file upload28.cif (mmCIF, C-alpha atoms)
data_final
loop_
_atom_site.label_atom_id
_atom_site.label_comp_id
_atom_site.auth_asym_id
_atom_site.auth_seq_id
_atom_site.Cartn_x
_atom_site.Cartn_y
_atom_site.Cartn_z
CA MET A 37 39.21 -1.41 -10.75
CA ILE A 38 37.86 -2.72 -7.41
CA LYS A 39 36.93 -0.14 -4.77
CA LEU A 40 36.16 -0.64 -1.08
CA GLY A 41 34.06 1.90 0.79
CA ILE A 42 31.58 2.62 3.54
CA GLU A 43 28.11 3.93 2.72
CA THR A 44 25.42 5.29 5.03
CA GLY A 45 21.85 6.01 4.00
CA GLY A 46 18.38 6.48 5.36
CA MET A 47 14.77 6.29 4.25
CA VAL A 48 11.21 6.38 5.54
CA GLN A 49 9.22 3.26 4.70
CA ASP A 50 5.84 1.74 5.43
CA ARG A 51 5.81 -1.34 7.68
CA LYS A 52 2.85 -3.68 7.49
CA TYR A 53 2.34 -7.14 8.90
CA THR A 54 -0.42 -9.53 9.95
CA VAL A 55 -0.71 -11.64 13.10
CA THR A 56 -3.10 -14.62 13.04
CA GLY A 57 -3.97 -16.60 16.14
CA GLY A 58 -6.72 -17.48 18.55
CA GLY A 59 -9.33 -17.39 15.78
CA GLN A 60 -8.66 -13.78 14.78
CA THR A 61 -6.39 -11.80 12.48
CA GLU A 62 -4.82 -8.46 13.32
CA GLU A 63 -3.11 -6.18 10.81
CA PHE A 64 -0.58 -3.53 11.85
CA SER A 65 0.66 -0.67 9.67
CA TYR A 66 3.05 2.16 10.58
CA ASN A 67 5.91 4.28 9.22
CA GLU A 68 9.54 3.58 10.08
CA PHE A 69 12.74 5.57 9.63
CA LEU A 70 15.55 3.20 8.66
CA VAL A 71 19.28 4.02 8.72
CA ASP A 72 21.92 1.61 7.46
CA THR A 73 25.70 1.55 7.10
CA SER A 74 27.28 -0.87 4.66
CA LEU A 75 30.77 -1.95 3.79
CA ARG A 76 30.66 -1.97 -0.03
CA VAL A 77 32.86 -3.61 -2.65
CA SER A 78 32.46 -1.99 -6.07
CA ILE A 79 33.52 -2.58 -9.65
CA PRO A 80 32.26 -0.36 -12.47
CA PHE A 81 28.42 -0.41 -12.51
CA LEU A 82 28.08 -3.08 -9.75
CA SER A 83 28.55 -3.08 -5.99
CA VAL A 84 27.65 -5.39 -3.12
CA GLY A 85 27.42 -4.43 0.53
CA ILE A 86 26.62 -5.72 4.00
CA GLY A 87 26.21 -4.02 7.35
CA PRO A 88 23.93 -3.18 10.26
CA TYR A 89 20.64 -1.30 10.13
CA LEU A 90 18.54 0.48 12.74
CA GLY A 91 14.84 1.20 12.26
CA SER A 92 12.71 3.44 14.45
CA GLY A 93 8.92 3.57 14.34
CA LEU A 94 7.34 6.95 13.62
CA GLY A 95 4.02 8.15 14.95
CA MET A 96 0.96 6.00 15.49
CA VAL A 97 -0.01 2.50 14.34
CA ASP A 98 -3.10 1.59 12.31
CA ARG A 99 -4.36 -1.59 14.04
CA THR A 100 -7.11 -3.49 12.23
CA THR A 101 -9.03 -6.42 13.68
CA GLY A 102 -11.77 -7.61 11.31
CA THR A 103 -13.58 -4.42 10.27
CA ASN A 104 -12.46 -2.48 13.36
CA LYS A 105 -9.62 -0.06 12.52
CA ARG A 106 -8.03 2.00 15.29
CA ASN A 107 -5.12 4.42 15.45
CA VAL A 108 -3.06 3.51 18.56
CA SER A 109 0.40 4.12 20.01
CA MET A 110 3.19 1.64 19.29
CA GLY A 111 3.14 0.52 22.94
CA SER A 112 -0.62 -0.12 22.87
CA ALA A 113 -0.22 -2.10 19.63
CA GLY A 114 2.48 -4.28 21.24
CA ILE A 115 5.16 -3.12 18.79
CA SER A 116 8.72 -2.22 19.77
CA ILE A 117 9.78 1.20 18.50
CA LEU A 118 13.21 -0.21 17.49
CA ASP A 119 14.19 -2.71 14.81
CA LEU A 120 17.82 -3.89 14.53
CA GLY A 121 19.46 -6.23 12.08
CA LEU A 122 21.72 -6.82 9.10
CA ILE A 123 21.25 -5.57 5.57
CA SER A 124 22.84 -6.92 2.41
CA SER A 125 22.49 -5.46 -1.05
CA ALA A 126 23.53 -5.68 -4.68
CA ARG A 127 23.36 -2.51 -6.76
CA LEU A 128 23.68 -1.50 -10.39
CA ARG A 129 24.57 2.17 -10.94
CA PHE A 130 24.85 3.97 -14.24
CA PRO A 131 26.46 7.43 -13.97
CA ILE A 132 24.85 10.40 -15.72
CA LEU A 133 27.23 12.98 -14.25
CA PRO A 134 30.12 12.41 -11.79
CA ILE A 135 27.81 12.91 -8.78
CA ILE A 136 24.46 11.75 -10.25
CA GLY A 137 23.48 8.27 -11.39
CA ILE A 138 20.57 5.95 -12.11
CA THR A 139 20.42 3.16 -9.51
CA ALA A 140 18.72 -0.23 -9.19
CA ASP A 141 19.28 -1.88 -5.80
CA ILE A 142 18.01 -5.16 -4.34
CA ARG A 143 18.31 -5.40 -0.56
CA TYR A 144 17.56 -8.05 2.06
CA LEU A 145 16.89 -7.13 5.69
CA LEU A 146 17.45 -9.78 8.36
CA GLY A 147 16.09 -8.56 11.68
CA THR A 148 17.80 -9.66 14.88
CA HIS A 149 15.51 -7.81 17.32
CA ASP A 150 12.01 -9.03 18.23
CA THR A 151 9.71 -6.16 17.20
CA ALA A 152 6.63 -7.70 18.83
CA ASN A 153 6.58 -6.17 22.28
CA ARG A 154 4.15 -8.89 23.44
CA SER A 155 4.34 -12.19 25.28
CA ASP A 156 2.09 -14.06 22.81
CA ALA A 157 4.04 -13.33 19.59
CA LYS A 158 7.53 -12.90 18.19
CA THR A 159 8.18 -10.85 15.05
CA TYR A 160 11.50 -10.56 13.24
CA THR A 161 12.01 -8.56 10.04
CA ARG A 162 12.63 -10.66 6.92
CA GLU A 163 12.26 -8.32 4.00
CA LEU A 164 13.29 -8.14 0.35
CA GLN A 165 13.37 -4.60 -1.06
CA TRP A 166 13.70 -3.34 -4.63
CA LEU A 167 14.83 0.27 -5.00
CA PHE A 168 15.01 2.22 -8.25
CA GLY A 169 15.84 5.88 -8.72
CA VAL A 170 18.40 8.62 -8.99
CA ASP A 171 21.27 8.83 -6.50
CA PHE A 172 23.56 11.69 -5.58
CA ARG A 173 27.13 11.27 -4.38
CA LEU A 174 29.12 13.82 -2.43
#
call {"tool": "encode", "arguments": {"input": "upload28.cif", "output": "structure tokens"}}
result
Amino acid sequence: MIKLGIETGGMVQDRKYTVTGGGQTEEFSYNEFLVDTSLRVSIPFLSVGIGPYLGSGLGMVDRTTGTNKRNVSMGSAGISILDLGLISSARLRFPILPIIGITADIRYLLGTHDTANRSDAKTYTRELQWLFGVDFRL
């Protein structure tokens, strides 16, 4: 039986990227809260979904240039606090109980918002995620 539904979820994840240019390399690392809503098509054990996501940076940024590591604000690091884009996923779910299951999910994030809040760089999210765990349905 094919089911159609809407699913919303959220998670905190680590963001890390490197910018190289002008003879130097800078590394940025920070936490982000990501919320997504997907339209999902499901058959037993398998579902696919697509929809928008919104990410928001949390706290400070670890900015490393060479051996110099500093903890700075997102604005000082030249990073936009918001990340917007589309998410697509394919998921296998094996129920243990009606509301609990084991899940394996592969997701691709395609950012549409430039997260580099700088004139000398542009950064768009392109990310492949693998998620494994236990899920709970209400």
call {"tool": "closest_residue", "arguments": {"input": "upload28.cif", "among": "A:Tyr144, A:Ser65, A:Thr151, A:Thr139", "to": "Gly169 of chain A", "atoms": "all atoms listed in the file"}}
result
A:Thr139
call {"tool": "closest_residue", "arguments": {"input": "upload28.cif", "among": "A:Ile79, A:Ile86, A:Ile142, A:Ala152", "to": "Leu122 of chain A", "atoms": "all atoms listed in the file"}}
result
A:Ile86
call {"tool": "closest_atom_pairs", "arguments": {"input": "upload28.cif", "of": "segment 86-117 of chain A", "to": "segment 123-126 of chain A", "cutoff": "10 Å", "atoms": "only C-alpha atoms", "output": "tab-separated table"}}
result
residue	atom	partner	partner_atom	distance
A:Ile86	CA	A:Ser124	CA	4.3
A:Gly87	CA	A:Ile123	CA	5.5
A:Pro88	CA	A:Ile123	CA	5.9
A:Tyr89	CA	A:Ile123	CA	6.3
A:Leu90	CA	A:Ile123	CA	9.8
call {"tool": "resolve_selection", "arguments": {"input": "upload28.cif", "expression": "the PyMOL selection byres ((chain A and resi 56) around 12)", "output": "compact mmCIF listing (two decimals) with C-alpha atoms, in the coordinates of the input"}}
result
# COMPACT_ATOMS: atom_id res chain seq x y z
CA TYR A 53 2.34 -7.14 8.90
CA THR A 54 -0.42 -9.53 9.95
CA VAL A 55 -0.71 -11.64 13.10
CA GLY A 57 -3.97 -16.60 16.14
CA GLY A 58 -6.72 -17.48 18.55
CA GLY A 59 -9.33 -17.39 15.78
CA GLN A 60 -8.66 -13.78 14.78
CA THR A 61 -6.39 -11.80 12.48
CA GLU A 62 -4.82 -8.46 13.32
CA GLU A 63 -3.11 -6.18 10.81
CA PHE A 64 -0.58 -3.53 11.85
CA THR A 100 -7.11 -3.49 12.23
CA THR A 101 -9.03 -6.42 13.68
CA GLY A 102 -11.77 -7.61 11.31
CA ASP A 156 2.09 -14.06 22.81
CA ALA A 157 4.04 -13.33 19.59
CA LYS A 158 7.53 -12.90 18.19
call {"tool": "atom_distance", "arguments": {"input": "upload28.cif", "atom1": "atom CA of Leu128 of chain A", "atom2": "atom CA of Leu75 of chain A"}}
result
15.9 Å
call {"tool": "axis_aligned_box", "arguments": {"input": "upload28.cif", "around": "segment 73-80 of chain A", "padding_each_side": "3 Å", "output": "AutoDock Vina command-line options"}}
result
--center_x 29.6 --center_y -1.0 --center_z -2.7 --size_x 13.8 --size_y 11.2 --size_z 25.6
call {"tool": "closest_residue", "arguments": {"input": "upload28.cif", "among": "A:Arg162, A:Arg106, A:Arg99, A:Arg143", "to": "Gly121 of chain A", "atoms": "only C-alpha atoms"}}
result
A:Arg162
call {"tool": "atom_distance", "arguments": {"input": "upload28.cif", "atom1": "atom CA of Met96 of chain A", "atom2": "atom CA of Phe168 of chain A"}}
result
27.8 Å
call {"tool": "closest_residue", "arguments": {"input": "upload28.cif", "among": "A:Leu146, A:Leu70, A:Ile135, A:Ala140", "to": "Thr44 of chain A", "atoms": "all atoms listed in the file"}}
result
A:Leu70
call {"tool": "closest_residue", "arguments": {"input": "upload28.cif", "among": "A:Ser155, A:Gly147, A:Pro134, A:Gly91", "to": "Leu174 of chain A", "atoms": "only C-alpha atoms"}}
result
A:Pro134
call {"tool": "atom_distance", "arguments": {"input": "upload28.cif", "atom1": "atom CA of Glu163 of chain A", "atom2": "atom CA of Tyr66 of chain A"}}
result
15.4 Å
call {"tool": "residues_around", "arguments": {"input": "upload28.cif", "residues": "Pro80 of chain A", "least_positions_apart": "5", "cutoff": "10 Å", "atoms": "all atoms listed in the file", "output": "PDB file with C-alpha atoms, keeping the file's coordinate frame"}}
result
ATOM      1  CA  MET A  37      39.210  -1.410 -10.750  1.00  0.00           C
ATOM      2  CA  ILE A  38      37.860  -2.720  -7.410  1.00  0.00           C
ATOM      3  CA  LYS A  39      36.930  -0.140  -4.770  1.00  0.00           C
ATOM      4  CA  LEU A 128      23.680  -1.500 -10.390  1.00  0.00           C
ATOM      5  CA  ARG A 129      24.570   2.170 -10.940  1.00  0.00           C
ATOM      6  CA  PHE A 130      24.850   3.970 -14.240  1.00  0.00           C
ATOM      7  CA  PRO A 131      26.460   7.430 -13.970  1.00  0.00           C
TER       8      PRO A 131
END
call {"tool": "closest_residue", "arguments": {"input": "upload28.cif", "among": "A:Asp119, A:Asp150, A:Asp50, A:Glu43", "to": "Gly85 of chain A", "atoms": "all atoms listed in the file"}}
result
A:Glu43
call {"tool": "resolve_selection", "arguments": {"input": "upload28.cif", "expression": "the PyMOL selection byres ((chain A and resi 93) around 10)", "output": "compact mmCIF listing (two decimals) with C-alpha atoms, in the coordinates of the input"}}
result
# COMPACT_ATOMS: atom_id res chain seq x y z
CA VAL A 48 11.21 6.38 5.54
CA GLN A 49 9.22 3.26 4.70
CA ASP A 50 5.84 1.74 5.43
CA ARG A 51 5.81 -1.34 7.68
CA TYR A 66 3.05 2.16 10.58
CA ASN A 67 5.91 4.28 9.22
CA GLU A 68 9.54 3.58 10.08
CA PHE A 69 12.74 5.57 9.63
CA LEU A 70 15.55 3.20 8.66
CA GLY A 91 14.84 1.20 12.26
CA SER A 92 12.71 3.44 14.45
CA LEU A 94 7.34 6.95 13.62
CA GLY A 95 4.02 8.15 14.95
CA MET A 96 0.96 6.00 15.49
CA VAL A 97 -0.01 2.50 14.34
CA MET A 110 3.19 1.64 19.29
CA ILE A 115 5.16 -3.12 18.79
CA SER A 116 8.72 -2.22 19.77
CA ILE A 117 9.78 1.20 18.50
CA LEU A 118 13.21 -0.21 17.49
CA ASP A 119 14.19 -2.71 14.81
call {"tool": "residues_near_point", "arguments": {"input": "upload28.cif", "point": "(35.3, 2.6, -1.5)", "cutoff": "7 Å", "atoms": "only C-alpha atoms", "output": "mmCIF file with C-alpha atoms, keeping the file's coordinate frame"}}
result
data_model
loop_
_atom_site.group_PDB
_atom_site.id
_atom_site.type_symbol
_atom_site.label_atom_id
_atom_site.label_comp_id
_atom_site.auth_asym_id
_atom_site.auth_seq_id
_atom_site.Cartn_x
_atom_site.Cartn_y
_atom_site.Cartn_z
ATOM 1 C CA LYS A 39 36.930 -0.140 -4.770
ATOM 2 C CA LEU A 40 36.160 -0.640 -1.080
ATOM 3 C CA GLY A 41 34.060 1.900 0.790
ATOM 4 C CA ILE A 42 31.580 2.620 3.540
ATOM 5 C CA ARG A 76 30.660 -1.970 -0.030
ATOM 6 C CA VAL A 77 32.860 -3.610 -2.650
#
call {"tool": "residues_near_point", "arguments": {"input": "upload28.cif", "point": "(15.3, 11.8, -8.5)", "cutoff": "10 Å", "atoms": "all atoms listed in the file", "output": "MDAnalysis selection string"}}
result
chainID A and resid 136:138 168:172
